[in-house]
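Trainee: Have a peek at coords.cif (mmCIF, C-alpha atoms).
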data_structure
#
loop_
_atom_site.group_PDB
_atom_site.id
_atom_site.type_symbol
_atom_site.label_atom_id
_atom_site.label_comp_id
_atom_site.auth_asym_id
_atom_site.auth_seq_id
_atom_site.Cartn_x
_atom_site.Cartn_y
_atom_site.Cartn_z
ATOM 1 C CA MET C 1 125.763 129.709 116.708
ATOM 2 C CA ALA C 2 123.114 127.018 117.140
ATOM 3 C CA PRO C 3 120.880 126.455 114.105
ATOM 4 C CA VAL C 4 117.333 127.797 114.120
ATOM 5 C CA PRO C 5 114.910 125.095 115.362
ATOM 6 C CA VAL C 6 112.811 123.475 112.639
ATOM 7 C CA ARG C 7 109.151 124.368 113.126
ATOM 8 C CA LYS C 8 107.805 124.218 109.559
ATOM 9 C CA ALA C 9 107.050 121.234 107.342
ATOM 10 C CA VAL C 10 106.144 120.971 103.669
ATOM 11 C CA ILE C 11 103.979 118.072 102.468
ATOM 12 C CA PRO C 12 103.704 117.744 98.664
ATOM 13 C CA ALA C 13 100.241 116.405 97.874
ATOM 14 C CA ALA C 14 99.589 117.427 94.265
ATOM 15 C CA GLY C 15 100.206 114.074 92.561
ATOM 16 C CA LEU C 16 97.555 112.352 90.460
ATOM 17 C CA GLY C 17 97.674 108.995 92.272
ATOM 18 C CA THR C 18 97.554 107.054 89.009
ATOM 19 C CA ARG C 19 98.867 103.834 90.572
ATOM 20 C CA PHE C 20 95.617 103.558 92.549
ATOM 21 C CA LEU C 21 93.157 104.152 89.741
ATOM 22 C CA PRO C 22 90.197 103.835 89.575
ATOM 23 C CA ALA C 23 89.943 104.486 93.347
ATOM 24 C CA THR C 24 91.682 107.844 92.894
ATOM 25 C CA LYS C 25 89.643 109.024 89.904
ATOM 26 C CA ALA C 26 87.524 111.269 92.140
ATOM 27 C CA VAL C 27 89.112 110.803 95.592
ATOM 28 C CA PRO C 28 92.629 112.145 96.292
ATOM 29 C CA LYS C 29 94.999 109.293 97.086
ATOM 30 C CA GLU C 30 96.114 111.133 100.215
ATOM 31 C CA LEU C 31 92.614 110.614 101.629
ATOM 32 C CA LEU C 32 92.446 106.870 101.080
ATOM 33 C CA PRO C 33 92.046 105.485 104.602
ATOM 34 C CA LEU C 34 94.298 103.299 106.644
ATOM 35 C CA VAL C 35 91.442 101.772 108.660
ATOM 36 C CA ASP C 36 89.657 104.946 109.860
ATOM 37 C CA LYS C 37 92.204 107.702 109.233
ATOM 38 C CA PRO C 38 93.438 109.070 105.878
ATOM 39 C CA ALA C 39 97.104 108.549 105.106
ATOM 40 C CA ILE C 40 97.973 112.235 105.015
ATOM 41 C CA GLN C 41 96.663 112.709 108.546
ATOM 42 C CA TRP C 42 99.146 110.098 109.760
ATOM 43 C CA VAL C 43 101.908 112.156 108.131
ATOM 44 C CA VAL C 44 100.768 115.432 109.712
ATOM 45 C CA GLU C 45 100.508 113.734 113.108
ATOM 46 C CA GLU C 46 104.067 112.439 112.678
ATOM 47 C CA ALA C 47 105.290 115.982 112.009
ATOM 48 C CA VAL C 48 103.447 117.389 115.012
ATOM 49 C CA ALA C 49 104.784 114.625 117.289
ATOM 50 C CA ALA C 50 108.324 115.653 116.272
ATOM 51 C CA GLY C 51 107.711 119.280 117.259
ATOM 52 C CA ILE C 52 106.473 120.796 113.972
ATOM 53 C CA THR C 53 103.867 123.523 114.511
ATOM 54 C CA ASP C 54 103.369 124.842 110.955
ATOM 55 C CA VAL C 55 102.466 122.664 107.938
ATOM 56 C CA LEU C 56 102.272 123.740 104.299
ATOM 57 C CA LEU C 57 100.320 121.429 102.000
ATOM 58 C CA VAL C 58 101.325 121.676 98.339
ATOM 59 C CA SER C 59 97.962 120.890 96.808
ATOM 60 C CA GLY C 60 96.737 120.608 93.245
ATOM 61 C CA ARG C 61 93.731 120.376 91.002
ATOM 62 C CA ASN C 62 90.910 118.228 92.425
ATOM 63 C CA LYS C 63 92.598 118.161 95.864
ATOM 64 C CA ARG C 64 90.212 120.507 97.643
ATOM 65 C CA ALA C 65 89.025 117.598 99.793
ATOM 66 C CA VAL C 66 92.533 117.311 101.270
ATOM 67 C CA GLU C 67 92.402 120.965 102.291
ATOM 68 C CA ASP C 68 88.889 120.525 103.703
ATOM 69 C CA HIS C 69 89.987 117.574 105.817
ATOM 70 C CA PHE C 70 92.204 119.869 107.897
ATOM 71 C CA ASP C 71 89.576 122.611 108.205
ATOM 72 C CA ARG C 72 86.744 122.987 110.688
ATOM 73 C CA ALA C 73 83.415 121.339 109.764
ATOM 74 C CA PRO C 74 80.746 123.279 111.705
ATOM 75 C CA ASP C 75 77.751 121.470 110.175
ATOM 76 C CA LEU C 76 79.219 118.063 110.968
ATOM 77 C CA GLU C 77 80.154 119.173 114.476
ATOM 78 C CA ARG C 78 76.624 120.439 115.166
ATOM 79 C CA THR C 79 75.118 117.198 113.864
ATOM 80 C CA LEU C 80 77.372 115.103 116.073
ATOM 81 C CA GLU C 81 76.649 117.315 119.084
ATOM 82 C CA ALA C 82 72.908 116.972 118.524
ATOM 83 C CA VAL C 83 73.074 113.182 118.808
ATOM 84 C CA GLY C 84 75.448 113.197 121.765
ATOM 85 C CA ARG C 85 78.582 111.990 119.972
ATOM 86 C CA HIS C 86 80.840 114.337 121.939
ATOM 87 C CA ASP C 87 83.980 112.210 121.553
ATOM 88 C CA GLN C 88 83.667 112.354 117.778
ATOM 89 C CA VAL C 89 83.145 116.126 117.914
ATOM 90 C CA GLU C 90 86.433 116.520 119.761
ATOM 91 C CA GLU C 91 88.175 114.142 117.372
ATOM 92 C CA VAL C 92 86.969 116.097 114.328
ATOM 93 C CA ARG C 93 87.912 119.445 115.858
ATOM 94 C CA ALA C 94 91.346 118.206 116.842
ATOM 95 C CA ILE C 95 92.242 117.580 113.188
ATOM 96 C CA ALA C 96 91.989 121.309 112.457
ATOM 97 C CA GLN C 97 93.905 122.215 115.623
ATOM 98 C CA MET C 98 96.932 119.939 115.279
ATOM 99 C CA ALA C 99 99.060 122.630 113.647
ATOM 100 C CA ASP C 100 98.810 125.823 111.623
ATOM 101 C CA ILE C 101 97.822 124.381 108.241
ATOM 102 C CA HIS C 102 98.473 126.376 105.066
ATOM 103 C CA VAL C 103 97.962 125.543 101.403
ATOM 104 C CA VAL C 104 99.702 126.485 98.161
ATOM 105 C CA ARG C 105 98.541 125.196 94.790
ATOM 106 C CA GLN C 106 100.737 123.491 92.197
ATOM 107 C CA ALA C 107 98.840 124.138 88.976
ATOM 108 C CA VAL C 108 100.477 121.347 86.970
ATOM 109 C CA PRO C 109 102.509 118.489 88.526
ATOM 110 C CA GLY C 110 106.121 119.214 87.590
ATOM 111 C CA GLY C 111 108.206 117.053 89.889
ATOM 112 C CA LEU C 112 109.077 117.032 93.569
ATOM 113 C CA GLY C 113 111.675 119.758 93.193
ATOM 114 C CA GLU C 114 109.100 122.115 91.715
ATOM 115 C CA ALA C 115 106.615 121.287 94.492
ATOM 116 C CA VAL C 116 109.167 122.053 97.205
ATOM 117 C CA GLY C 117 110.124 125.251 95.380
ATOM 118 C CA LEU C 118 106.576 126.539 95.815
ATOM 119 C CA ALA C 119 107.207 126.686 99.576
ATOM 120 C CA ARG C 120 109.814 129.438 99.233
ATOM 121 C CA HIS C 121 107.681 132.377 100.372
ATOM 122 C CA HIS C 122 106.067 130.452 103.204
ATOM 123 C CA VAL C 123 109.350 129.067 104.535
ATOM 124 C CA GLY C 124 111.292 132.319 104.209
ATOM 125 C CA ASP C 125 114.794 132.071 105.674
ATOM 126 C CA GLU C 126 114.022 129.183 108.059
ATOM 127 C CA PRO C 127 115.062 125.541 107.859
ATOM 128 C CA PHE C 128 112.168 123.194 107.178
ATOM 129 C CA ALA C 129 111.196 119.541 106.907
ATOM 130 C CA VAL C 130 109.741 117.854 103.823
ATOM 131 C CA LEU C 131 107.519 114.802 104.328
ATOM 132 C CA LEU C 132 106.329 112.815 101.329
ATOM 133 C CA PRO C 133 102.850 111.376 101.969
ATOM 134 C CA ASP C 134 103.630 108.161 100.063
ATOM 135 C CA ASP C 135 106.176 107.324 102.765
ATOM 136 C CA LEU C 136 104.233 106.451 105.888
ATOM 137 C CA MET C 137 106.090 105.770 109.110
ATOM 138 C CA ALA C 138 104.783 103.241 111.610
ATOM 139 C CA ARG C 139 103.257 104.494 114.832
ATOM 140 C CA GLY C 140 105.990 105.295 117.336
ATOM 141 C CA SER C 141 108.711 105.896 114.730
ATOM 142 C CA THR C 142 111.325 108.416 115.900
ATOM 143 C CA LEU C 143 112.874 108.932 112.460
ATOM 144 C CA LEU C 144 111.791 112.549 111.966
ATOM 145 C CA ALA C 145 112.647 113.474 115.554
ATOM 146 C CA ASP C 146 116.073 111.855 115.065
ATOM 147 C CA MET C 147 116.578 113.881 111.886
ATOM 148 C CA LEU C 148 115.663 117.134 113.628
ATOM 149 C CA ALA C 149 118.081 116.282 116.434
ATOM 150 C CA ALA C 150 120.818 115.603 113.862
ATOM 151 C CA PHE C 151 120.127 118.971 112.234
ATOM 152 C CA GLU C 152 120.394 120.779 115.555
ATOM 153 C CA ARG C 153 123.643 118.936 116.312
ATOM 154 C CA HIS C 154 125.349 119.322 112.926
ATOM 155 C CA GLY C 155 123.634 122.336 111.344
ATOM 156 C CA GLY C 156 123.407 120.875 107.831
ATOM 157 C CA PRO C 157 120.622 119.350 105.728
ATOM 158 C CA VAL C 158 119.579 115.851 106.797
ATOM 159 C CA LEU C 159 118.199 113.016 104.656
ATOM 160 C CA ALA C 160 116.410 109.819 105.680
ATOM 161 C CA LEU C 161 118.399 106.857 104.340
ATOM 162 C CA LYS C 162 117.589 103.167 104.040
ATOM 163 C CA ARG C 163 119.708 100.311 102.710
ATOM 164 C CA PHE C 164 118.413 98.407 99.677
ATOM 165 C CA PRO C 165 119.696 95.486 97.627
ATOM 166 C CA ARG C 166 121.666 96.763 94.651
ATOM 167 C CA PRO C 167 119.086 95.734 92.004
ATOM 168 C CA ARG C 168 116.467 98.034 93.626
ATOM 169 C CA LEU C 169 118.615 101.169 93.886
ATOM 170 C CA SER C 170 117.794 102.428 90.389
ATOM 171 C CA SER C 171 114.289 103.294 91.629
ATOM 172 C CA TYR C 172 115.561 105.849 94.172
ATOM 173 C CA GLY C 173 117.872 108.748 94.784
ATOM 174 C CA VAL C 174 121.122 107.246 96.110
ATOM 175 C CA VAL C 175 123.802 108.940 98.224
ATOM 176 C CA ALA C 176 127.575 108.802 98.426
ATOM 177 C CA VAL C 177 128.743 108.769 102.039
ATOM 178 C CA GLU C 178 131.899 109.311 104.038
ATOM 179 C CA GLY C 179 132.627 106.682 106.662
ATOM 180 C CA GLU C 180 130.102 104.674 108.641
ATOM 181 C CA PRO C 181 127.044 105.836 110.636
ATOM 182 C CA ASP C 182 127.785 106.943 114.199
ATOM 183 C CA ASP C 183 126.014 105.608 117.287
ATOM 184 C CA ALA C 184 122.953 107.745 116.458
ATOM 185 C CA GLY C 185 122.782 106.348 112.927
ATOM 186 C CA VAL C 186 124.076 109.620 111.420
ATOM 187 C CA VAL C 187 126.415 109.527 108.451
ATOM 188 C CA THR C 188 128.055 112.303 106.412
ATOM 189 C CA VAL C 189 126.648 112.558 102.872
ATOM 190 C CA THR C 190 128.983 113.866 100.173
ATOM 191 C CA ASP C 191 126.771 113.629 97.084
ATOM 192 C CA MET C 192 123.596 112.120 95.665
ATOM 193 C CA VAL C 193 122.300 110.981 92.291
ATOM 194 C CA GLU C 194 118.730 110.369 91.106
ATOM 195 C CA LYS C 195 117.894 106.801 89.984
ATOM 196 C CA PRO C 196 121.392 105.716 88.954
ATOM 197 C CA PRO C 197 122.057 102.584 86.895
ATOM 198 C CA VAL C 198 122.679 99.714 89.317
ATOM 199 C CA ASP C 199 126.394 99.483 88.458
ATOM 200 C CA GLN C 200 126.842 103.241 89.049
ATOM 201 C CA ALA C 201 125.096 103.585 92.411
ATOM 202 C CA PRO C 202 127.536 105.263 94.845
ATOM 203 C CA SER C 203 126.332 103.202 97.835
ATOM 204 C CA ASP C 204 123.453 100.991 98.935
ATOM 205 C CA LEU C 205 121.773 103.871 100.818
ATOM 206 C CA ALA C 206 118.662 105.300 99.182
ATOM 207 C CA ILE C 207 116.885 108.538 100.069
ATOM 208 C CA MET C 208 113.470 108.012 101.608
ATOM 209 C CA GLY C 209 110.656 110.561 101.838
ATOM 210 C CA ARG C 210 111.867 112.617 104.818
ATOM 211 C CA TYR C 211 114.185 115.620 104.483
ATOM 212 C CA VAL C 212 115.350 118.469 106.706
ATOM 213 C CA LEU C 213 116.503 121.280 104.428
ATOM 214 C CA THR C 214 117.963 124.761 104.632
ATOM 215 C CA PRO C 215 116.446 127.683 102.684
ATOM 216 C CA ASP C 216 119.403 127.952 100.289
ATOM 217 C CA VAL C 217 117.930 124.886 98.569
ATOM 218 C CA PHE C 218 115.526 127.227 96.767
ATOM 219 C CA ASP C 219 118.355 128.854 94.802
ATOM 220 C CA CYS C 220 119.515 125.374 93.787
ATOM 221 C CA ILE C 221 115.975 124.486 92.692
ATOM 222 C CA ASP C 222 115.959 127.614 90.513
ATOM 223 C CA ARG C 223 119.189 126.471 88.845
ATOM 224 C CA THR C 224 118.132 122.878 88.287
ATOM 225 C CA PRO C 225 116.920 121.994 84.783
ATOM 226 C CA LYS C 226 113.928 119.741 84.287
ATOM 227 C CA GLY C 227 114.554 116.158 83.262
ATOM 228 C CA ALA C 228 113.450 114.186 80.228
ATOM 229 C CA LYS C 229 109.885 113.820 81.539
ATOM 230 C CA GLY C 230 109.563 117.540 82.175
ATOM 231 C CA GLU C 231 109.922 117.084 85.940
ATOM 232 C CA LEU C 232 112.267 118.930 88.263
ATOM 233 C CA GLN C 233 113.855 116.359 90.567
ATOM 234 C CA LEU C 234 114.596 117.389 94.147
ATOM 235 C CA THR C 235 117.612 115.065 94.235
ATOM 236 C CA ASP C 236 119.181 116.997 91.345
ATOM 237 C CA ALA C 237 118.776 120.261 93.277
ATOM 238 C CA LEU C 238 120.253 118.657 96.395
ATOM 239 C CA HIS C 239 123.238 117.566 94.287
ATOM 240 C CA LEU C 240 123.914 121.261 93.601
ATOM 241 C CA LEU C 241 123.460 122.147 97.259
ATOM 242 C CA ALA C 242 125.896 119.399 98.302
ATOM 243 C CA ALA C 243 128.648 121.325 96.503
ATOM 244 C CA ARG C 244 128.066 124.221 98.942
ATOM 245 C CA ARG C 245 127.554 122.562 102.293
ATOM 246 C CA ARG C 246 127.844 119.303 104.183
ATOM 247 C CA PHE C 247 124.854 116.988 104.216
ATOM 248 C CA PHE C 248 124.017 114.345 106.778
ATOM 249 C CA GLY C 249 121.807 111.274 106.745
ATOM 250 C CA VAL C 250 119.975 109.261 109.375
ATOM 251 C CA VAL C 251 120.077 105.563 108.500
ATOM 252 C CA PHE C 252 117.041 103.547 109.592
ATOM 253 C CA ASP C 253 115.924 99.972 109.000
ATOM 254 C CA GLU C 254 112.244 99.470 109.778
ATOM 255 C CA GLY C 255 108.921 101.209 110.157
ATOM 256 C CA ARG C 256 108.383 102.587 106.633
ATOM 257 C CA TYR C 257 105.496 101.769 104.328
ATOM 258 C CA ASP C 258 105.487 102.809 100.677
ATOM 259 C CA THR C 259 101.804 103.629 100.424
ATOM 260 C CA GLY C 260 102.215 104.409 96.744
ATOM 261 C CA ASP C 261 102.570 100.637 96.292
ATOM 262 C CA LYS C 262 99.392 98.552 96.522
ATOM 263 C CA LEU C 263 101.012 95.648 98.352
ATOM 264 C CA ASP C 264 102.663 97.902 100.918
ATOM 265 C CA TRP C 265 99.365 99.757 101.334
ATOM 266 C CA LEU C 266 97.683 96.471 102.244
ATOM 267 C CA ARG C 267 100.503 95.593 104.634
ATOM 268 C CA ALA C 268 100.229 99.000 106.310
ATOM 269 C CA THR C 269 96.463 98.622 106.622
ATOM 270 C CA VAL C 270 96.819 95.217 108.290
ATOM 271 C CA GLU C 271 99.461 96.422 110.754
ATOM 272 C CA VAL C 272 97.522 99.591 111.615
ATOM 273 C CA ALA C 273 94.368 97.506 112.134
ATOM 274 C CA LEU C 274 96.197 95.108 114.457
ATOM 275 C CA GLN C 275 97.231 98.074 116.637
ATOM 276 C CA HIS C 276 93.789 99.697 116.645
ATOM 277 C CA PRO C 277 92.464 100.021 120.234
ATOM 278 C CA GLU C 278 88.948 98.861 119.318
ATOM 279 C CA LEU C 279 89.466 96.718 116.239
ATOM 280 C CA GLY C 280 92.836 95.141 117.009
ATOM 281 C CA ALA C 281 91.639 92.076 118.925
ATOM 282 C CA PRO C 282 88.664 91.115 116.726
ATOM 283 C CA PHE C 283 90.660 91.814 113.567
ATOM 284 C CA ARG C 284 93.444 89.554 114.792
ATOM 285 C CA GLU C 285 90.885 86.753 115.198
ATOM 286 C CA ALA C 286 89.425 87.418 111.751
ATOM 287 C CA LEU C 287 92.895 87.428 110.214
ATOM 288 C CA ALA C 288 93.772 84.149 111.934
ATOM 289 C CA GLU C 289 90.574 82.611 110.548
ATOM 290 C CA ILE C 290 91.475 83.739 107.014
ATOM 291 C CA VAL C 291 94.957 82.259 107.412
ATOM 292 C CA ARG C 292 93.498 78.936 108.581
ATOM 293 C CA ARG C 293 90.919 78.898 105.788
ATOM 294 C CA GLU C 294 93.522 79.609 103.127
ATOM 295 C CA GLY C 295 95.906 77.020 104.555
ATOM 296 C CA ILE C 296 98.693 79.572 104.994
ATOM 297 C CA GLY C 297 101.601 78.741 107.279
#
Can you turn what I pasted into structure tokens?

Mentor:
Amino acid sequence: MAPVPVRKAVIPAAGLGTRFLPATKAVPKELLPLVDKPAIQWVVEEAVAAGITDVLLVSGRNKRAVEDHFDRAPDLERTLEAVGRHDQVEEVRAIAQMADIHVVRQAVPGGLGEAVGLARHHVGDEPFAVLLPDDLMARGSTLLADMLAAFERHGGPVLALKRFPRPRLSSYGVVAVEGEPDDAGVVTVTDMVEKPPVDQAPSDLAIMGRYVLTPDVFDCIDRTPKGAKGELQLTDALHLLAARRRFFGVVFDEGRYDTGDKLDWLRATVEVALQHPELGAPFREALAEIVRREGIG
């Protein structure tokens, strides 16, 4: 029997954004813009482009603005209509029409595993995708679509995997694999461990912020104890699930920005600006002038 198509996505967005203080003191980090579009909108658009039609935002305290961003704004629409900005009216309306957007609140941040666990009632008995908003994929990336295709082909949970130098692996969940990736970049995953010591990492493949999961993960989340910092790690729950069923991974090389990192945020902003249909050309000239002035290259 073919697996049920994945139509739902969960986006955890309840974090405090402390690495971007003071900018995130009053503004949710998910709404910090990459040029003229907030980061979380890029993530939702990625999900929709891959065929997702239903998105659950796991929100938190002081994140109401994130929820409002994906809602209709009648007053703003009327104001724009009154001054003839019809293109902007359609752009604003389209944000609320991209997908069926739902919200659940995480009262106190308790780890990624806990955040995903809050999606249980919304997901029901369907497979679903998880997209972490700190991991932003470049425009045109097919990673999520490739993961959904791998799920439909193999029927098991699928992880996004990227190779890292050994010294960096202790910052990520790392997988053990069987064999080499096939022509589609898919590899069989046999186990995973959260932030292992460098000399104990089972491979050089780290889990990135895209997952396609089956609903039996919720039972594993229930059975997973919280760690030393009081957080329930999703990787620990997936370790339990890996004892029940085969996992798969899609290995990719490029196109990911860690927008939880200030330097990568700047890099993403520059690359998005260079591709902007209106700003790309003049920004390229401005950037070239800065490079010349600074004597770079």

Trainee: Can you list every residue of range 48-163 of chain C that has an atom at most 12 Å from range 235-248 of chain C, with its nearest atom pair and the distance in Å to one decimal, using only C-alpha atoms, ordered by chain then number, as JSON lines?

Mentor:
{"residue": "C:Gly111", "atom": "CA", "partner": "C:Thr235", "partner_atom": "CA", "distance": 10.6}
{"residue": "C:Leu112", "atom": "CA", "partner": "C:Thr235", "partner_atom": "CA", "distance": 8.8}
{"residue": "C:Gly113", "atom": "CA", "partner": "C:Ala237", "partner_atom": "CA", "distance": 7.1}
{"residue": "C:Glu114", "atom": "CA", "partner": "C:Ala237", "partner_atom": "CA", "distance": 10.0}
{"residue": "C:Val116", "atom": "CA", "partner": "C:Ala237", "partner_atom": "CA", "distance": 10.5}
{"residue": "C:Gly117", "atom": "CA", "partner": "C:Ala237", "partner_atom": "CA", "distance": 10.2}
{"residue": "C:Asp146", "atom": "CA", "partner": "C:Phe248", "partner_atom": "CA", "distance": 11.7}
{"residue": "C:Met147", "atom": "CA", "partner": "C:Phe248", "partner_atom": "CA", "distance": 9.0}
{"residue": "C:Leu148", "atom": "CA", "partner": "C:Phe248", "partner_atom": "CA", "distance": 11.2}
{"residue": "C:Ala149", "atom": "CA", "partner": "C:Phe248", "partner_atom": "CA", "distance": 11.5}
{"residue": "C:Ala150", "atom": "CA", "partner": "C:Phe248", "partner_atom": "CA", "distance": 7.9}
{"residue": "C:Phe151", "atom": "CA", "partner": "C:Phe248", "partner_atom": "CA", "distance": 8.1}
{"residue": "C:Glu152", "atom": "CA", "partner": "C:Phe248", "partner_atom": "CA", "distance": 11.5}
{"residue": "C:Arg153", "atom": "CA", "partner": "C:Phe248", "partner_atom": "CA", "distance": 10.6}
{"residue": "C:His154", "atom": "CA", "partner": "C:Phe248", "partner_atom": "CA", "distance": 8.0}
{"residue": "C:Gly155", "atom": "CA", "partner": "C:Arg246", "partner_atom": "CA", "distance": 8.8}
{"residue": "C:Gly156", "atom": "CA", "partner": "C:Phe247", "partner_atom": "CA", "distance": 5.5}
{"residue": "C:Pro157", "atom": "CA", "partner": "C:Phe247", "partner_atom": "CA", "distance": 5.1}
{"residue": "C:Val158", "atom": "CA", "partner": "C:Phe248", "partner_atom": "CA", "distance": 4.7}
{"residue": "C:Leu159", "atom": "CA", "partner": "C:Phe248", "partner_atom": "CA", "distance": 6.3}
{"residue": "C:Ala160", "atom": "CA", "partner": "C:Phe248", "partner_atom": "CA", "distance": 8.9}
{"residue": "C:Leu161", "atom": "CA", "partner": "C:Phe248", "partner_atom": "CA", "distance": 9.7}

Trainee: Quick one, how far is CA of Gly295 in chain C from CA of Leu34 in chain C?

Mentor: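 Result for CA of Gly295 in chain C versus CA of Leu34 in chain C: 26.4 Å, one decimal.
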
Trainee: One decimal, Å: what's the distance from CA of Pro5 in chain C over to CA of Arg72 in chain C, could you say?

Mentor: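 Distance reported for this atom pair: 28.6 Å.
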
Trainee: From the list C:Ala145, C:Leu287, C:Val175, C:Leu213, which residue is nearest Ala49 in chain C when using all atoms listed in the file?

Mentor: C:Ala145

Trainee: Do you know which residues are at most 12 Å from Val193 in chain C counting all atoms listed in the file, after dropping those on the same chain fewer than 4 positions away, and could you put them as number ranges by chain?

Mentor: C: 169-177, 189, 197-198, 200-203, 205-207, 233-240, 242

Trainee: Please determine the residues with any atom at most 9 Å from (120.8, 97.5, 105.5) (coordinates as given in the file, with only C-alpha atoms counting) and report them as a list in words.

Mentor: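 Result, sorted by chain then residue number: Lys162, Arg163, Phe164, Pro165, Asp204, Leu205, Val251, Phe252 and Asp253 of chain C.
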
Trainee: Measuring between all atoms listed in the file, which one of C:Val186, C:Val10, C:Val217, C:Ala73 shows the shortest distance to Pro133 in chain C?

Mentor: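 Closest to Pro133 in chain C of all the choices is C:Val10.
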
Trainee: Which residues would end up in the selection if the PyMOL selection byres ((chain C and resi 127) around 6) were applied here, given that I need the answer as a PyMOL selection string?

Mentor: chain C and resi 6+126+128+213-215

Trainee: Carefully work through the PyMOL selection byres ((chain C and resi 63) around 12) for this structure and note down the residues it includes, as a PyMOL selection string.

Mentor: chain C and resi 12-17+24-31+57-62+64-69+103-107

Trainee: Using all atoms listed in the file, what does the table of range 26-45 of chain C residues within 12 Å of range 258-277 of chain C look like, with each row giving the shortest atom pair and its distance in Å to one decimal, sorted by chain and ascending number, as a Markdown table?

Mentor:
| residue | atom | partner | partner_atom | distance |
| --- | --- | --- | --- | --- |
| C:Lys29 | CA | C:Gly260 | CA | 8.7 |
| C:Glu30 | CA | C:Thr259 | CA | 9.4 |
| C:Leu31 | CA | C:Thr259 | CA | 11.6 |
| C:Leu32 | CA | C:Thr259 | CA | 9.9 |
| C:Pro33 | CA | C:Thr269 | CA | 8.4 |
| C:Leu34 | CA | C:Thr269 | CA | 5.2 |
| C:Val35 | CA | C:Ala273 | CA | 6.2 |
| C:Asp36 | CA | C:Ala273 | CA | 9.1 |
| C:Lys37 | CA | C:Val272 | CA | 10.0 |
| C:Pro38 | CA | C:Thr269 | CA | 10.9 |
| C:Ala39 | CA | C:Thr259 | CA | 8.3 |
| C:Ile40 | CA | C:Thr259 | CA | 10.5 |
| C:Trp42 | CA | C:Val272 | CA | 10.8 |
| C:Val43 | CA | C:Thr259 | CA | 11.5 |

Trainee: Put the listed atoms of range 7-12 of chain C in a box along x, y and z with 6 Å added on every side and give me the centre and edge lengths in Å to one decimal, as AutoDock Vina command-line options.

Mentor:
--center_x 106.4 --center_y 121.1 --center_z 105.9 --size_x 17.4 --size_y 18.6 --size_z 26.5

Trainee: Which distance in Å separates CA of Lys8 in chain C and CA of Gly140 in chain C, to one decimal?

Mentor: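 Computing the Euclidean distance for CA of Lys8 in chain C and CA of Gly140 in chain C yields 20.5 Å.
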
Trainee: Hey, which of C:His122, C:Leu56, C:Ala82, C:Leu132 ends up closest to Ala99 in chain C? Count all atoms listed in the file.

Mentor: C:Leu56
